[in-house]
Amino acid sequence: MLGSLADRIVQALLGVDPAVWPYTWLVHLGLMVGVALLAFIFIALFAGPVTWVERRIAGRMMSRIGPNRVGPQGVLQWLADGLKCFLKEDLIPAEADQRMFRFAPYLVFGGYMATFVVLPFGANLVAADLDVGLLYLLAVGGLVVIGILMAGWSSNNKWALFGGIRSAAQLVSYEIPSAFALMTVVLAAGTLSMQGIVRAQGGWPWEWFLFKNPFLFVAFFLSLTASVAESNRTPFDLPEGESELVAGFHVEYSGMRFLWFMFAEWGNLWVISALGSVAFLGGWQIPGVSPDTLGGATGLGWVGWQLLSFVVFVLKASALVAFVIQLRWTLPRLRVDQMMIVCWKYFVPLALVCVAGVLVLLVAVPEGGPIDWMLRGASMLAFAVLVAVYVRRTRAAYLADRDLYRRMEGKELWYPPYRLP
Amino acid sequence: MTFSDLVERLKAALGDGVVGVDEAHFDPAVRVRPQDVKQACRLLRDTLGMDTLRLLTAIDRPPESIEVAWHLVSVRGDTGTLVLKTTLPREAPKVATVSDVWASANWFEREQFDLLGVIFEGHPKLKRLMLPEDWVGHPLRKDYVRPDAYHGIPTSRENVTPVRTVSVPEHVAKAPETEGLMLLNMGPHHPATHGVLNFLLETDGEIVRRATPDVGYLHRGIEKLAELNAYAGTMPYTDRVDYLGGMFTNQAWAMAVERVAGIEVPRRAEFCRVIACELNRIASHLIATGCMAMDLGAYTPFIHWLRERETINDLMERICGARLTYTYMRLGGVARDIDAATLDKLLRWADHFEVMTLEFDRLITTNEIFVRRLATIATLQPADALSYAIVGPNLRASGIPWDLRRSEPYSVYPELEFDIPVGQGWRGRVGDAYDRFKVRLQEMHQSLRILRQAIAMLPEGEVRAKVPRVLKVPANEAYARVEAPRGEAGFYVVSDGTDRPWRVRIRTGCFTAMPLIEFLSPGLMVADIVALIGSLDVIAPEVDR
């Protein structure tokens with residue numbers, strides 16, 4: 001896609017045939033770098049505000065307000081935080097391994113950044129649609145382990161070392177169920193390319209892999225949970241478990257170096273959500289619009305379709321982000337042995353069962369047949385039940401709170417349920 | 001078994017060992033010869049049912065003697081309470097250790113050695129507990145002279161600033177590195193230690209082989225301060241002993257002085273005390289249970305409980321003008337009356353709070369991760385609990401219904417109806433961390449019951465007895481204890497006829513809970529240590545005082 005775009009640009013600007021012009025690859029490279037830069041800006045712009053969103057959601061869940069001072073409703077809080085970290089002293093412990101200590105945050109951040117290369121933000125908005133996109137994504141995710149382990153080891157602090165070791169154990173373990181769960185998608189799509197996976201799905205929910213069959217349905221939750229574990233978030237935040245390990249592997253970091261870790265953490269929140277939506281929720285597919293319509297448009301229409309697909313993708317991923325944030329502020333932390341048990345005793349076998357099940361169904365059930373539709377219907381029903389339970393419980397809690405507030409204070413709650421606090 | 005039966009049995013066994021009997025004081029006392037202490041203690045524990053050593057006090061009696069008193073109580077038996085006393089020569093105060101009879105004696109003896117220089121022969125580790133190893137002298141001796149400086153840090157107020165020449169003591173590891181184990185300093189600044197506490201963890205990977213508590217960071221010498229103050233002047237210090245349950249230490253101090261001075265408390269004042277205390281108990285348990293959830297990584301329940309506590313703080317502010325260090329009690333009553341508007345607000349909050357506990361249960365108590373983090377972790381057997389003199393919810397979680405409000409009734413509690421929740425092994429074993437958590441939750445409901453009854457029964461009348469401005473107390477002694485959120489809050493007051501106490505000894509629940517961490521820790525994981533500390537609800541100033 002990016003290649004064809006480059007070809008078009010060469011054709012339009014220079015009027016030469018891109019196939020014979022010797023410098024076409026330079027234009028390709030330039031475009032790739034440009035898109036990668038855009039992605040970098042996006043990760044920066046995403047990781048910042050999402051901290052504000054997370055803190056406001058956490059505030060709402062804890063019946064307090066959250067940051068609301070910097071800018072309207074506190075939306076610029078992340079800029080203030082970033083500025084503060086810029087101005088902080090960059091402390092490096094005297095006994096630390098200086099080079100490794102300095103390098104570790106960049107390695108972690110680089111690992112997360114590299115995943116953006118293959119994330120398809122829209123129909124044609126992808127830095128490089130690699131044939132082995134999914135494999136590449138899992139592989140560069142592994143870089144993070146090395147960075148975290150380096151940070152934990154080089155700090156020369158036992159708490160940091162604890163965090164680093166826990167992190168290594170956790171990430172290496174959870175990569176297995178995570179990869180197996182994504183393998184189901186690869187089987188269903190028949191390709192490892194991220195764009196290929198999106199194109200194999202459709203815009204409507206019943207065309208998503210999430211609802212294709214019950215095994216993929218289970219695999220989605222497996223993959224999401226394993227991803228949460230890989231990104232060190234509660235209930236799997238053992239590497240930095242605040243009340244146990246103080247701050248874990250980044251306990252000795254301050255200022256900008258600390259910020260790189262935080263960038264990576266919240267950036268990764270986006271990566272796992274984007275991965276979830278690409279693999280299971282149809283990615284950027286707009287309901288009712290075929291990918292050919294998107295690609296075939298020209299000029300302003302093309303830009304419009306691209307933007308629309310981008311919006312669809314961001315909406316899906318944001319919904320997952322909100323879900324993961326809610327998880328964090330609801331659940332306590334697992335213990336390290338429980339974390340391992342969950343992975344090896346439950347997730348790995350379950351993921352293997354999912355792979356086998358998807359294989360069998362792919363062979364046995366013809367696409368579009370009555371059984372295929374029944375399987376899709378069953379998955380959607382299960383999802384509907386989950387959503388209904390969630391909404392019911394949330395609503396009941398809200399109503400109970402409202403009544404209590406009225407009884408205690410003699411007036412209504414100060415915010416309606418649909419508004420951000 | 002009555003006290004005279006006890007004395008008969010002791011006399012039969014020890015013969016001349018029993019020197020005297022003293023029934024005049026609040027707790028009857030038996031005096032024995034120093035060399036017979038160990039035998040008496042064994043006898044008392046093994047055949048006379050004294051299963052708990054609740055307090056060990058040394059009292060300096062210059063010029064020639066030091067008195068040591070063992071406060072014993074029979075929790076599971078019917079022998080009541082007994083004080084065992086002995087007199088030692090002041091120059092060489094030596095007595096046999098009883099740390100092999102009751103485990104709680106270990107730390108009590110170390111503390112008395114530290115502060116008064118009594119040597120307990122045969123003690124496994126007779127080292128200073130509160131003060132630094134290189135401290136000179138024993139501060140609670142009457143002839144103790146305070147040094148001008150410690151490592152260049154001035155000790156008097158005149159030359160506190162500027163400090164220019166502080167010679168930092170050379171850093172010495174507090175425990176030797178064991179082969180194959182990693183020594184990990186948990187604290188003094190650690191989010192999970194609830195105050196300035198230090199634990200020396202010897203870990204084998206994630207598994208803790210031993211956790212040794214290292215206390216004394218918050219030692220402010222309140223026992224010494226109380227000796228220097230008039231009786232009423234000590235009241236504000238008692239808040240600082242237990243900053244989450246100031247009402248209880250207030251009440252224990254007031255009760256102790258009222259007992260030695262023979263002051264009658266008006267009935268309305270007793271009810272005011274009960275209302276304030278039970279409100280305080282809920283506030284303290286809110287912090288205990290909320291912090292426990294936070295220690296396990298769940299922040300939301302803690303913040304919800306803080307909001308509830310905020311309302312209690314507002315109520316406390318209306319009751320006594322303070323939100324944390326209340327100083328609400330006075331000798332012979334309370335500082336001021338509770339008005340009807342406050343009581344009305346309290347009752348409305350009680351209704352609200354009951355619903356909130358359900359929400360808390362939905363959020364965390366029934367959460368499977370939370371339950372599995374706590375169930376079957378750090379199980380405390382009843383016999384160990386008694387030997388370590390564990391009190392309060394921690395003891396009740398082990399299945400022993402020992403609550404001072406019922407077992408040794410005080411104030412107007414006999415007139416009030418409430419249950420004593422005990423550990424049932426709800427999700428694991430009786431006495432595990434989850435039981436300790438759940439018992440606290442249930443106690444909050446019982447406190448609400450008491451609050452509603454006390455408000456309904458609140459009589460009219462004075463809230464303060466007439467107490468002379470300069471209170472001179474005849475030579476007497478009393479050990480007053482109340483059921484605080486962390487167990488027994490007790491003050492042992494020895495008066496000498498002047499306007500200041502001769503010796504004050506403070507008993508808190510946490511002091512005996514701390515050595516328990518060392519006992520329960522082997523084999524736990526690092527994260528479990530956090531859960532264990534949280535479930536015992538240890539707070540540092542109570543340990544150090």
# chains A, B, ... in the order shown; residues from 1 in each chain; ligands from 1
>>> residues_around(residues="Ala94 of chain A", least_positions_apart="3", cutoff="10 Å", atoms="only C-alpha atoms", output="list in words")
Leu91, Asp97, Gln98, Ser155 and Asn156 of chain A
>>> write_last_selection(atoms="C-alpha atoms", output="PDB file, in the first residue's frame")
ATOM      1  CA  LEU A  91      20.239  10.924  39.233  1.00  0.00           C
ATOM      2  CA  ASP A  97      26.604   0.288  36.011  1.00  0.00           C
ATOM      3  CA  GLN A  98      26.569   3.646  34.266  1.00  0.00           C
ATOM      4  CA  SER A 155      20.662  -0.063  39.202  1.00  0.00           C
ATOM      5  CA  ASN A 156      22.643  -2.061  41.766  1.00  0.00           C
TER       6      ASN A 156
END
>>> closest_atom_pairs(of="chain B", to="chain A", cutoff="7 Å", atoms="only C-alpha atoms", output="CSV")
residue,atom,partner,partner_atom,distance
B:Leu184,CA,A:Lys158,CA,6.9
B:His190,CA,A:Val246,CA,6.6
B:Pro191,CA,A:Ser243,CA,5.3
B:Ala192,CA,A:Ser243,CA,5.2
B:Asp295,CA,A:Ser243,CA,5.2
B:Leu296,CA,A:Pro332,CA,5.6
B:Gly297,CA,A:Pro332,CA,4.5
B:Ala298,CA,A:Pro332,CA,4.2
B:Tyr299,CA,A:Trp329,CA,6.6
B:Thr300,CA,A:Met62,CA,5.3
B:Ile303,CA,A:Met62,CA,5.9
B:His304,CA,A:Met62,CA,6.0
B:Arg348,CA,A:Met408,CA,6.6
B:Trp349,CA,A:Met408,CA,6.9
B:His352,CA,A:Leu404,CA,6.2
B:Ile369,CA,A:Leu334,CA,6.5
B:Phe370,CA,A:Pro332,CA,6.1
B:Arg373,CA,A:Arg335,CA,6.8
B:Ala527,CA,A:Glu244,CA,5.9
B:Val530,CA,A:Glu244,CA,6.5
>>> atom_distance(atom1="atom CA of Leu107 of chain A", atom2="atom CA of Phe46 of chain A")
19.6 Å
>>> select_by_dssp(residues="segment 28-131 of chain A", states="helix (DSSP H, G or I)", output="JSON, numbers by chain")
{"A": [28, 29, 30, 31, 32, 33, 34, 35, 36, 37, 38, 39, 40, 41, 42, 43, 44, 45, 46, 47, 48, 49, 50, 51, 52, 53, 54, 55, 56, 57, 58, 59, 60, 61, 72, 73, 74, 77, 78, 79, 80, 81, 82, 83, 84, 85, 86, 87, 98, 99, 100, 101, 102, 103, 104, 105, 106, 107, 108, 109, 110, 111, 112, 113, 114, 115]}
>>> atom_distance(atom1="atom CA of Arg199 of chain A", atom2="atom CA of Gln285 of chain A")
7.7 Å
>>> residues_around(residues="segment 10-16 of chain B", least_positions_apart="2", cutoff="8 Å", atoms="only C-alpha atoms", output="PyMOL selection string")
chain B and resi 6-8+18-19+36+39-40+43
>>> closest_residue(among="B:Ser447, B:Glu415, B:Tyr479, B:Gly221", to="Ala69 of chain B", atoms="only C-alpha atoms")
B:Tyr479
>>> residues_around(residues="Gly190 of chain A", least_positions_apart="4", cutoff="12 Å", atoms="only C-alpha atoms", output="list in words")
Asp131, Val132, Leu182, Met183, Thr184, Val185, Val186, Met194, Gln195, Gly196, Ile197, Val198, Arg199, Ala200, Gln201, Leu359 and Leu362 of chain A
>>> residues_around(residues="Leu140 of chain B", least_positions_apart="3", cutoff="9 Å", atoms="only C-alpha atoms", output="list in words")
Ile59, Asp60, Leu115, Leu116, Gly117, Asp143, Tyr144, Gly221, Glu223, Lys224 and Arg503 of chain B
>>> write_last_selection(atoms="all heavy atoms", output="mmCIF file, in the first residue's frame")
data_model
loop_
_atom_site.group_PDB
_atom_site.id
_atom_site.type_symbol
_atom_site.label_atom_id
_atom_site.label_comp_id
_atom_site.auth_asym_id
_atom_site.auth_seq_id
_atom_site.Cartn_x
_atom_site.Cartn_y
_atom_site.Cartn_z
ATOM 1 N N ILE B 59 10.510 -1.577 87.467
ATOM 2 C CA ILE B 59 10.306 -0.287 88.117
ATOM 3 C C ILE B 59 11.545 0.023 88.949
ATOM 4 O O ILE B 59 11.926 -0.781 89.817
ATOM 5 C CB ILE B 59 9.049 -0.307 89.015
ATOM 6 C CG1 ILE B 59 7.833 -0.781 88.212
ATOM 7 C CG2 ILE B 59 8.802 1.049 89.626
ATOM 8 C CD1 ILE B 59 6.749 -1.371 89.064
ATOM 9 N N ASP B 60 12.144 1.144 88.677
ATOM 10 C CA ASP B 60 13.335 1.528 89.424
ATOM 11 C C ASP B 60 12.925 2.053 90.794
ATOM 12 O O ASP B 60 12.067 2.932 90.895
ATOM 13 C CB ASP B 60 14.088 2.614 88.637
ATOM 14 C CG ASP B 60 15.474 2.826 89.206
ATOM 15 O OD1 ASP B 60 15.933 1.946 89.955
ATOM 16 O OD2 ASP B 60 16.080 3.861 88.888
ATOM 17 N N LEU B 115 15.922 -0.214 78.582
ATOM 18 C CA LEU B 115 15.544 1.041 79.229
ATOM 19 C C LEU B 115 15.888 1.072 80.712
ATOM 20 O O LEU B 115 16.011 2.146 81.290
ATOM 21 C CB LEU B 115 14.046 1.300 79.030
ATOM 22 C CG LEU B 115 13.614 1.376 77.564
ATOM 23 C CD1 LEU B 115 12.128 1.586 77.453
ATOM 24 C CD2 LEU B 115 14.344 2.491 76.834
ATOM 25 N N LEU B 116 15.999 -0.079 81.365
ATOM 26 C CA LEU B 116 16.280 -0.081 82.793
ATOM 27 C C LEU B 116 17.492 -0.920 83.183
ATOM 28 O O LEU B 116 17.888 -0.915 84.335
ATOM 29 C CB LEU B 116 15.065 -0.582 83.571
ATOM 30 C CG LEU B 116 14.004 0.489 83.771
ATOM 31 C CD1 LEU B 116 12.705 0.036 83.178
ATOM 32 C CD2 LEU B 116 13.843 0.844 85.224
ATOM 33 N N GLY B 117 18.044 -1.638 82.262
ATOM 34 C CA GLY B 117 19.253 -2.373 82.569
ATOM 35 C C GLY B 117 19.047 -3.627 83.388
ATOM 36 O O GLY B 117 19.971 -4.086 84.043
ATOM 37 N N ASP B 143 18.275 7.828 88.102
ATOM 38 C CA ASP B 143 19.493 8.632 88.176
ATOM 39 C C ASP B 143 20.163 8.776 86.813
ATOM 40 O O ASP B 143 21.330 9.112 86.720
ATOM 41 C CB ASP B 143 20.470 8.015 89.179
ATOM 42 C CG ASP B 143 20.754 6.550 88.860
ATOM 43 O OD1 ASP B 143 20.214 6.056 87.842
ATOM 44 O OD2 ASP B 143 21.494 5.907 89.619
ATOM 45 N N TYR B 144 19.400 8.530 85.764
ATOM 46 C CA TYR B 144 19.962 8.616 84.415
ATOM 47 C C TYR B 144 20.244 10.072 84.070
ATOM 48 O O TYR B 144 19.398 10.956 84.304
ATOM 49 C CB TYR B 144 18.976 8.021 83.413
ATOM 50 C CG TYR B 144 19.383 8.174 81.958
ATOM 51 C CD1 TYR B 144 20.406 7.400 81.426
ATOM 52 C CD2 TYR B 144 18.732 9.073 81.127
ATOM 53 C CE1 TYR B 144 20.761 7.522 80.096
ATOM 54 C CE2 TYR B 144 19.085 9.207 79.798
ATOM 55 C CZ TYR B 144 20.103 8.424 79.286
ATOM 56 O OH TYR B 144 20.464 8.550 77.977
ATOM 57 N N GLY B 221 10.078 7.835 73.769
ATOM 58 C CA GLY B 221 10.175 7.793 75.224
ATOM 59 C C GLY B 221 8.963 8.353 75.925
ATOM 60 O O GLY B 221 9.088 9.142 76.855
ATOM 61 N N GLU B 223 6.981 6.861 77.861
ATOM 62 C CA GLU B 223 6.956 6.410 79.257
ATOM 63 C C GLU B 223 7.761 7.365 80.129
ATOM 64 O O GLU B 223 7.365 7.702 81.248
ATOM 65 C CB GLU B 223 7.508 4.986 79.347
ATOM 66 C CG GLU B 223 6.583 3.974 78.688
ATOM 67 C CD GLU B 223 7.127 2.556 78.731
ATOM 68 O OE1 GLU B 223 8.197 2.354 79.320
ATOM 69 O OE2 GLU B 223 6.473 1.657 78.181
ATOM 70 N N LYS B 224 8.898 7.809 79.601
ATOM 71 C CA LYS B 224 9.730 8.749 80.364
ATOM 72 C C LYS B 224 9.057 10.113 80.472
ATOM 73 O O LYS B 224 9.045 10.745 81.527
ATOM 74 C CB LYS B 224 11.086 8.870 79.656
ATOM 75 C CG LYS B 224 12.068 9.801 80.315
ATOM 76 C CD LYS B 224 12.798 9.123 81.447
ATOM 77 C CE LYS B 224 13.858 10.029 82.059
ATOM 78 N NZ LYS B 224 14.419 9.440 83.273
ATOM 79 N N ARG B 503 6.139 5.635 87.773
ATOM 80 C CA ARG B 503 6.486 4.810 86.613
ATOM 81 C C ARG B 503 5.227 4.615 85.794
ATOM 82 O O ARG B 503 4.146 4.357 86.342
ATOM 83 C CB ARG B 503 7.022 3.455 87.078
ATOM 84 C CG ARG B 503 7.260 2.430 85.967
ATOM 85 C CD ARG B 503 8.613 2.639 85.321
ATOM 86 N NE ARG B 503 9.011 1.482 84.527
ATOM 87 C CZ ARG B 503 8.852 1.377 83.203
ATOM 88 N NH1 ARG B 503 8.254 2.349 82.529
ATOM 89 N NH2 ARG B 503 9.270 0.304 82.553
#
>>> residues_around(residues="segment 68-84 of chain A", least_positions_apart="3", cutoff="12 Å", atoms="only C-alpha atoms", output="ChimeraX atom specification")
/A:44-56,59,64-65,87-90,254-260,262-263,266,420-421
>>> residues_around(residues="Glu359 of chain B", least_positions_apart="2", cutoff="12 Å", atoms="only C-alpha atoms", output="list in words")
Arg393, Thr394, Ala396, Ala397, Tyr398, Ala400, Asp401 and Leu404 of chain A; Thr300, Pro301, His304, Trp305, His352, Phe353, Glu354, Val355, Met356, Thr357, Asp361, Arg362, Leu363, Ile364, Thr365, Thr366 and Asn367 of chain B
>>> atom_distance(atom1="atom CA of Ser309 of chain A", atom2="atom CA of Thr293 of chain A")
11.6 Å
